[in-house]
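Have a look at upload-v6.txt; it's compact mmCIF, C-alpha atoms:
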# COMPACT_ATOMS: atom_id res chain seq x y z
CA MET A 9 -9.68 -22.84 -1.10
CA GLU A 10 -9.15 -25.14 1.82
CA ILE A 11 -6.57 -24.03 4.38
CA LYS A 12 -4.82 -27.12 5.67
CA LYS A 13 -1.86 -25.40 7.25
CA ALA A 14 -1.28 -21.91 8.62
CA GLU A 15 1.89 -21.13 10.53
CA PHE A 16 3.59 -18.01 11.82
CA THR A 17 6.90 -17.52 10.01
CA LEU A 18 8.52 -14.30 11.18
CA SER A 19 8.09 -10.70 12.29
CA ALA A 20 10.18 -8.11 10.47
CA PRO A 21 10.81 -4.44 11.28
CA ARG A 22 11.30 -3.60 7.59
CA GLU A 23 10.69 -4.93 4.10
CA SER A 24 14.28 -6.07 3.52
CA MET A 25 14.03 -8.50 6.46
CA CYS A 26 10.91 -10.29 5.18
CA PRO A 27 11.11 -13.90 3.86
CA GLN A 28 13.58 -14.31 1.03
CA ASP A 29 11.53 -16.66 -1.15
CA ASN A 30 9.19 -15.72 -4.01
CA LYS A 31 5.84 -16.92 -2.72
CA PRO A 32 2.97 -14.48 -3.34
CA GLU A 33 2.02 -12.26 -0.39
CA TYR A 34 -1.38 -10.87 0.57
CA ALA A 35 -1.25 -8.06 3.09
CA PHE A 36 -4.01 -7.12 5.52
CA ILE A 37 -4.18 -3.61 6.92
CA GLY A 38 -6.72 -1.29 8.52
CA ARG A 39 -7.28 1.11 11.34
CA SER A 40 -6.19 -0.14 14.74
CA ASN A 41 -9.62 -1.25 15.98
CA VAL A 42 -11.03 -2.70 12.77
CA GLY A 43 -10.89 -6.38 13.82
CA LYS A 44 -7.91 -7.44 11.73
CA SER A 45 -6.62 -10.22 13.99
CA SER A 46 -10.12 -11.70 14.33
CA LEU A 47 -10.53 -11.68 10.54
CA ILE A 48 -7.13 -13.35 9.97
CA ASN A 49 -7.97 -16.03 12.54
CA MET A 50 -11.36 -16.59 10.92
CA LEU A 51 -9.86 -16.90 7.42
CA THR A 52 -7.23 -19.40 8.57
CA ASN A 53 -9.59 -21.28 10.91
CA ASN A 54 -7.09 -20.79 13.72
CA LYS A 55 -8.22 -18.75 16.71
CA LYS A 56 -4.69 -18.37 18.01
CA LEU A 57 -2.82 -17.47 14.82
CA ALA A 58 -2.95 -13.67 15.02
CA LYS A 59 -2.99 -12.24 18.52
CA THR A 60 -6.25 -10.40 19.21
CA SER A 61 -6.08 -7.70 21.81
CA ALA A 62 -8.41 -5.52 23.84
CA THR A 63 -5.91 -2.71 23.28
CA PRO A 64 -5.86 -1.61 19.62
CA GLY A 65 -2.57 -1.23 17.82
CA LYS A 66 -0.60 -4.19 19.13
CA THR A 67 0.85 -5.18 15.75
CA LEU A 68 4.09 -3.22 15.45
CA LEU A 69 5.95 -5.39 12.98
CA ILE A 70 5.34 -6.98 9.56
CA ASN A 71 4.06 -10.44 10.49
CA HIS A 72 4.25 -13.26 7.95
CA PHE A 73 2.12 -16.42 8.12
CA ILE A 74 2.74 -19.19 5.60
CA ILE A 75 -0.48 -20.73 4.27
CA ASN A 76 -0.53 -24.27 2.80
CA ASN A 77 3.21 -23.77 2.11
CA GLU A 78 2.06 -21.83 -0.97
CA TRP A 79 1.50 -18.19 -0.06
CA TYR A 80 1.94 -15.70 2.75
CA LEU A 81 -0.73 -13.89 4.66
CA VAL A 82 0.91 -10.68 5.91
CA ASP A 83 -0.40 -8.85 8.96
CA LEU A 84 0.63 -5.19 8.77
CA PRO A 85 0.47 -2.69 11.66
CA GLY A 86 -2.79 -0.79 11.94
CA TYR A 87 -2.99 2.96 11.48
CA GLY A 88 -4.82 5.67 13.41
CA PHE A 89 -6.59 5.46 16.79
CA ALA A 90 -3.93 3.76 18.94
CA LYS A 91 -2.17 6.26 21.18
CA ARG A 92 1.32 6.70 19.79
CA SER A 93 4.01 9.34 19.83
CA LYS A 94 4.71 11.25 16.62
CA LYS A 95 8.04 9.45 16.31
CA GLU A 96 6.39 6.02 16.62
CA VAL A 97 3.73 6.97 14.07
CA GLN A 98 6.41 8.06 11.57
CA LYS A 99 8.34 4.83 12.15
CA LEU A 100 5.22 2.71 11.52
CA GLU A 101 4.35 4.74 8.41
CA GLN A 102 7.84 4.19 7.01
CA MET A 103 7.57 0.45 7.72
CA ILE A 104 4.15 0.14 6.07
CA ASN A 105 5.04 2.34 3.08
CA GLY A 106 8.37 0.56 2.59
CA TYR A 107 6.69 -2.84 2.56
CA ILE A 108 3.77 -1.89 0.29
CA LEU A 109 5.84 0.05 -2.23
CA GLN A 110 9.01 -2.06 -2.34
CA ARG A 111 7.93 -5.64 -1.67
CA GLN A 112 7.95 -7.37 -5.05
CA GLN A 113 6.19 -10.48 -3.72
CA LEU A 114 3.16 -8.43 -2.63
CA VAL A 115 0.29 -9.14 -5.02
CA ASN A 116 -2.69 -7.64 -3.18
CA VAL A 117 -3.53 -5.46 -0.20
CA PHE A 118 -6.75 -6.14 1.69
CA LEU A 119 -7.86 -2.89 3.28
CA LEU A 120 -10.18 -3.50 6.24
CA ILE A 121 -13.04 -1.07 6.90
CA ASP A 122 -15.50 -1.19 9.81
CA ILE A 123 -18.87 -1.55 8.06
CA ARG A 124 -20.65 0.35 10.85
CA LEU A 125 -18.88 3.62 10.16
CA GLU A 126 -19.38 6.11 7.38
CA ALA A 127 -16.36 6.76 5.16
CA GLN A 128 -13.46 8.05 7.28
CA LYS A 129 -10.89 10.47 5.89
CA ILE A 130 -7.96 8.38 7.12
CA ASP A 131 -9.21 5.35 5.15
CA LEU A 132 -10.09 7.37 2.05
CA ASP A 133 -6.61 8.93 2.08
CA PHE A 134 -5.08 5.46 2.29
CA ILE A 135 -7.24 4.25 -0.60
CA GLN A 136 -6.14 7.23 -2.72
CA TRP A 137 -2.50 6.56 -1.86
CA LEU A 138 -2.83 2.90 -2.90
CA GLY A 139 -4.44 3.98 -6.17
CA ALA A 140 -1.83 6.65 -6.86
CA SER A 141 0.91 4.10 -6.13
CA SER A 142 -0.72 1.54 -8.49
CA VAL A 143 -0.99 -1.04 -5.71
CA PRO A 144 -3.71 -3.69 -6.34
CA PHE A 145 -6.12 -3.77 -3.42
CA ALA A 146 -9.53 -4.95 -2.28
CA ILE A 147 -11.77 -3.57 0.46
CA VAL A 148 -12.90 -5.91 3.22
CA PHE A 149 -15.78 -4.63 5.33
CA THR A 150 -15.59 -6.12 8.82
CA LYS A 151 -18.06 -6.62 11.68
CA ALA A 152 -21.10 -7.20 9.45
CA ASP A 153 -22.75 -9.19 12.26
CA LYS A 154 -23.14 -5.94 14.21
CA LEU A 155 -25.71 -4.69 11.67
CA SER A 156 -28.78 -6.05 9.95
CA ALA A 157 -28.13 -7.38 6.44
CA THR A 158 -30.11 -4.47 4.97
CA LYS A 159 -28.20 -1.83 6.92
CA ALA A 160 -24.87 -3.47 6.05
CA MET A 161 -25.65 -3.32 2.32
CA GLN A 162 -26.84 0.29 2.65
CA ASN A 163 -23.53 1.20 4.25
CA VAL A 164 -21.57 -0.54 1.48
CA GLU A 165 -23.58 1.35 -1.15
CA ALA A 166 -22.95 4.62 0.71
CA TYR A 167 -19.22 3.83 0.68
CA LYS A 168 -19.29 3.13 -3.04
CA LYS A 169 -21.01 6.46 -3.59
CA VAL A 170 -18.21 8.30 -1.77
CA LEU A 171 -15.55 6.40 -3.73
CA SER A 172 -17.29 7.03 -7.04
CA GLU A 173 -16.50 10.74 -6.64
CA THR A 174 -12.83 9.96 -7.34
CA TRP A 175 -12.83 6.40 -8.72
CA GLU A 176 -14.20 5.36 -12.10
CA GLU A 177 -13.96 1.68 -11.25
CA MET A 178 -14.64 0.17 -7.83
CA PRO A 179 -12.07 -2.13 -6.23
CA PRO A 180 -13.28 -5.62 -5.29
CA MET A 181 -15.30 -5.52 -2.06
CA PHE A 182 -16.05 -8.21 0.50
CA VAL A 183 -18.48 -8.10 3.41
CA THR A 184 -17.24 -10.17 6.35
CA SER A 185 -17.98 -11.15 9.92
CA ALA A 186 -15.33 -12.94 11.97
CA GLU A 187 -18.06 -14.01 14.39
CA LYS A 188 -20.23 -15.69 11.75
CA LYS A 189 -17.45 -16.63 9.30
CA GLN A 190 -19.25 -14.52 6.71
CA GLY A 191 -17.23 -13.71 3.58
CA ARG A 192 -14.57 -16.32 4.34
CA ASP A 193 -15.05 -18.35 1.15
CA GLU A 194 -15.27 -15.22 -1.00
CA VAL A 195 -11.95 -13.77 0.27
CA LEU A 196 -10.12 -17.11 0.06
CA ASN A 197 -11.49 -17.85 -3.41
CA TYR A 198 -10.31 -14.43 -4.55
CA ILE A 199 -6.80 -15.23 -3.28
CA GLU A 200 -6.91 -18.65 -4.95
CA GLN A 201 -7.99 -17.08 -8.22
CA ILE A 202 -5.02 -14.66 -8.15
CA ASN A 203 -2.62 -17.49 -7.25
CA LYS A 204 -3.85 -19.47 -10.28
CA GLU A 205 -3.33 -16.44 -12.54
CA LEU A 206 0.21 -16.03 -11.22
CA LYS A 207 1.06 -19.63 -12.12
CA LYS A 208 0.06 -19.25 -15.76
So that I can check it, write out the structure of this file as structure tokens.
Amino acid sequence: MEIKKAEFTLSAPRESMCPQDNKPEYAFIGRSNVGKSSLINMLTNNKKLAKTSATPGKTLLINHFIINNEWYLVDLPGYGFAKRSKKEVQKLEQMINGYILQRQQLVNVFLLIDIRLEAQKIDLDFIQWLGASSVPFAIVFTKADKLSATKAMQNVEAYKKVLSETWEEMPPMFVTSAEKKQGRDEVLNYIEQINKELKK
């Protein structure tokens, strides 16, 4: 897939205020410091599209970006890590859950995982919740440039091993690096493939 156009559309505090058309939506979510903005900018070839920040947890709304006037890339708030009050955390959880469970245009969630870390409970819980809610998702490992290729693959295999304790079938997995544009074609081709299926 070639991205010719990527534009910010709107930020919404809840699912009901998201765009009113029927274009397919692909949501990106992960822990606050996983490199989500960098990945989105790498995928869209636009360094300024999603705001990257030195302070994790800056995304507090559901951000929609229209891609090639055909589909939406949705930037969801991160979870964990960022210092928030209990009330703020609950509000963000409601926003994320409301969008993921109620948004009919959502066709796939890309869950971002830092490839350098071993499986974290907060991510595994989120994966289980997506599975229990029958939400289609893929795992995107980020920051692969921070490891050797061998170590990166070892960490992916270790993650699969943890997941295999509760999952019979693995979700699609992508290894990416925003720095080196690694995994860009694979993620975009996956989206394109789903879009083609939807048109049938």
Closest atom pairs, residues of stretch 45-130 of chain A within 10 Å of stretch 189-193 of chain A, all atoms listed in the file, as a Markdown table:
| residue | atom | partner | partner_atom | distance |
| --- | --- | --- | --- | --- |
| A:Leu47 | CA | A:Lys189 | CA | 8.6 |
| A:Ile48 | CA | A:Arg192 | CA | 9.8 |
| A:Met50 | CA | A:Lys189 | CA | 6.3 |
| A:Leu51 | CA | A:Arg192 | CA | 5.7 |
| A:Thr52 | CA | A:Arg192 | CA | 9.0 |
| A:Asn53 | CA | A:Lys189 | CA | 9.3 |
Take the point (-16.5, -9.4, 6.2) as written in the file and pick out every residue within 9 Å of it, counting all atoms listed in the file; give the list as JSON, numbers by chain.
{"A": [47, 120, 123, 148, 149, 150, 151, 152, 153, 182, 183, 184, 185, 186, 189, 190, 191, 192, 195]}
Close residues, A:Arg124 itself excluded, 8 Å, only C-alpha atoms, min 2 positions apart in chain, as number ranges by chain
A: 122, 126, 151-152, 154-155, 160, 163
Take the selection from the previous step and output its residues with C-alpha atoms, as an mmCIF file, in the coordinates of the input.
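Resulting contents of part-v2.cif:
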data_model
loop_
_atom_site.group_PDB
_atom_site.id
_atom_site.type_symbol
_atom_site.label_atom_id
_atom_site.label_comp_id
_atom_site.auth_asym_id
_atom_site.auth_seq_id
_atom_site.Cartn_x
_atom_site.Cartn_y
_atom_site.Cartn_z
ATOM 1 C CA ASP A 122 -15.500 -1.190 9.810
ATOM 2 C CA GLU A 126 -19.380 6.110 7.380
ATOM 3 C CA LYS A 151 -18.060 -6.620 11.680
ATOM 4 C CA ALA A 152 -21.100 -7.200 9.450
ATOM 5 C CA LYS A 154 -23.140 -5.940 14.210
ATOM 6 C CA LEU A 155 -25.710 -4.690 11.670
ATOM 7 C CA ALA A 160 -24.870 -3.470 6.050
ATOM 8 C CA ASN A 163 -23.530 1.200 4.250
#
Report the distance between atom CA of A:Glu15 and atom CA of A:Ile75 in Å, rounded to one decimal place.
6.7 Å
Interatomic distance (Å, one decimal) between atom CA of A:Lys31 and atom CA of A:Trp79:
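If I compute the distance from atom CA of A:Lys31 to atom CA of A:Trp79, I get 5.2 Å.
For the pair atom CA of A:Ser46 and atom CA of A:Ala58, the separation is 7.5 Å.
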Given the choices A:Pro85, A:Gly106, A:Pro32, A:Pro180, which gets closest to A:Ile147 if the distance is worked out from all atoms listed in the file?
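Closest to A:Ile147 of all the choices is A:Pro180.
You can rank A:Ile121, A:Ala166, A:Leu196, A:Leu68 by their closest distance to A:Leu100 using all atoms listed in the file, and at the top of that list sits A:Leu68.
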Between A:Lys129, A:Lys204, A:Arg111, A:Lys159, which is the closest to A:Gly88 once you count all atoms listed in the file?
A:Lys129
Each residue of stretch 35-54 of chain A lying at most 12 Å from stretch 131-135 of chain A should get a row with its shortest atom-to-atom pair and the distance in Å to one decimal, counting all atoms listed in the file; could you produce that, ordered by chain and increasing number, as a tab-separated table?
residue	atom	partner	partner_atom	distance
A:Ile37	CA	A:Phe134	CA	10.2
A:Gly38	CA	A:Asp131	CA	7.9
A:Arg39	CA	A:Asp131	CA	7.7
A:Ser40	CA	A:Asp131	CA	11.5
A:Val42	CA	A:Asp131	CA	11.2
With only C-alpha atoms as the atoms that count, which of A:Lys208, A:Tyr167, A:Ala14, A:Ala157 lies nearest to A:Lys56?
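Among the listed residues, A:Ala14 lies closest to A:Lys56.
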Stretch 19-24 of chain A: which residues within 10 Å, counting only C-alpha atoms, same-chain residues fewer than 3 positions away excluded, as a compact mmCIF listing (two decimals) with C-alpha atoms, keeping the file's coordinate frame?
# COMPACT_ATOMS: atom_id res chain seq x y z
CA PHE A 16 3.59 -18.01 11.82
CA PRO A 27 11.11 -13.90 3.86
CA GLN A 28 13.58 -14.31 1.03
CA THR A 67 0.85 -5.18 15.75
CA LEU A 68 4.09 -3.22 15.45
CA LEU A 69 5.95 -5.39 12.98
CA ILE A 70 5.34 -6.98 9.56
CA ASN A 71 4.06 -10.44 10.49
CA HIS A 72 4.25 -13.26 7.95
CA PHE A 73 2.12 -16.42 8.12
CA VAL A 82 0.91 -10.68 5.91
CA ASP A 83 -0.40 -8.85 8.96
CA LEU A 84 0.63 -5.19 8.77
CA LYS A 99 8.34 4.83 12.15
CA LEU A 100 5.22 2.71 11.52
CA GLN A 102 7.84 4.19 7.01
CA MET A 103 7.57 0.45 7.72
CA ILE A 104 4.15 0.14 6.07
CA ASN A 105 5.04 2.34 3.08
CA GLY A 106 8.37 0.56 2.59
CA TYR A 107 6.69 -2.84 2.56
CA ILE A 108 3.77 -1.89 0.29
CA LEU A 109 5.84 0.05 -2.23
CA GLN A 110 9.01 -2.06 -2.34
CA ARG A 111 7.93 -5.64 -1.67
CA GLN A 112 7.95 -7.37 -5.05
With distances taken over only C-alpha atoms, which of A:Met161, A:Thr174, A:Met181, A:Ala127 is nearest to A:Ala140?
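Of the candidates, the smallest distance to A:Ala140 is held by A:Thr174.
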Nearest residue to A:Leu125 from the set A:Gln162, A:Ser172, A:Asn54, A:Asn76 (distances using only C-alpha atoms):
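Among the listed residues, A:Gln162 lies closest to A:Leu125.
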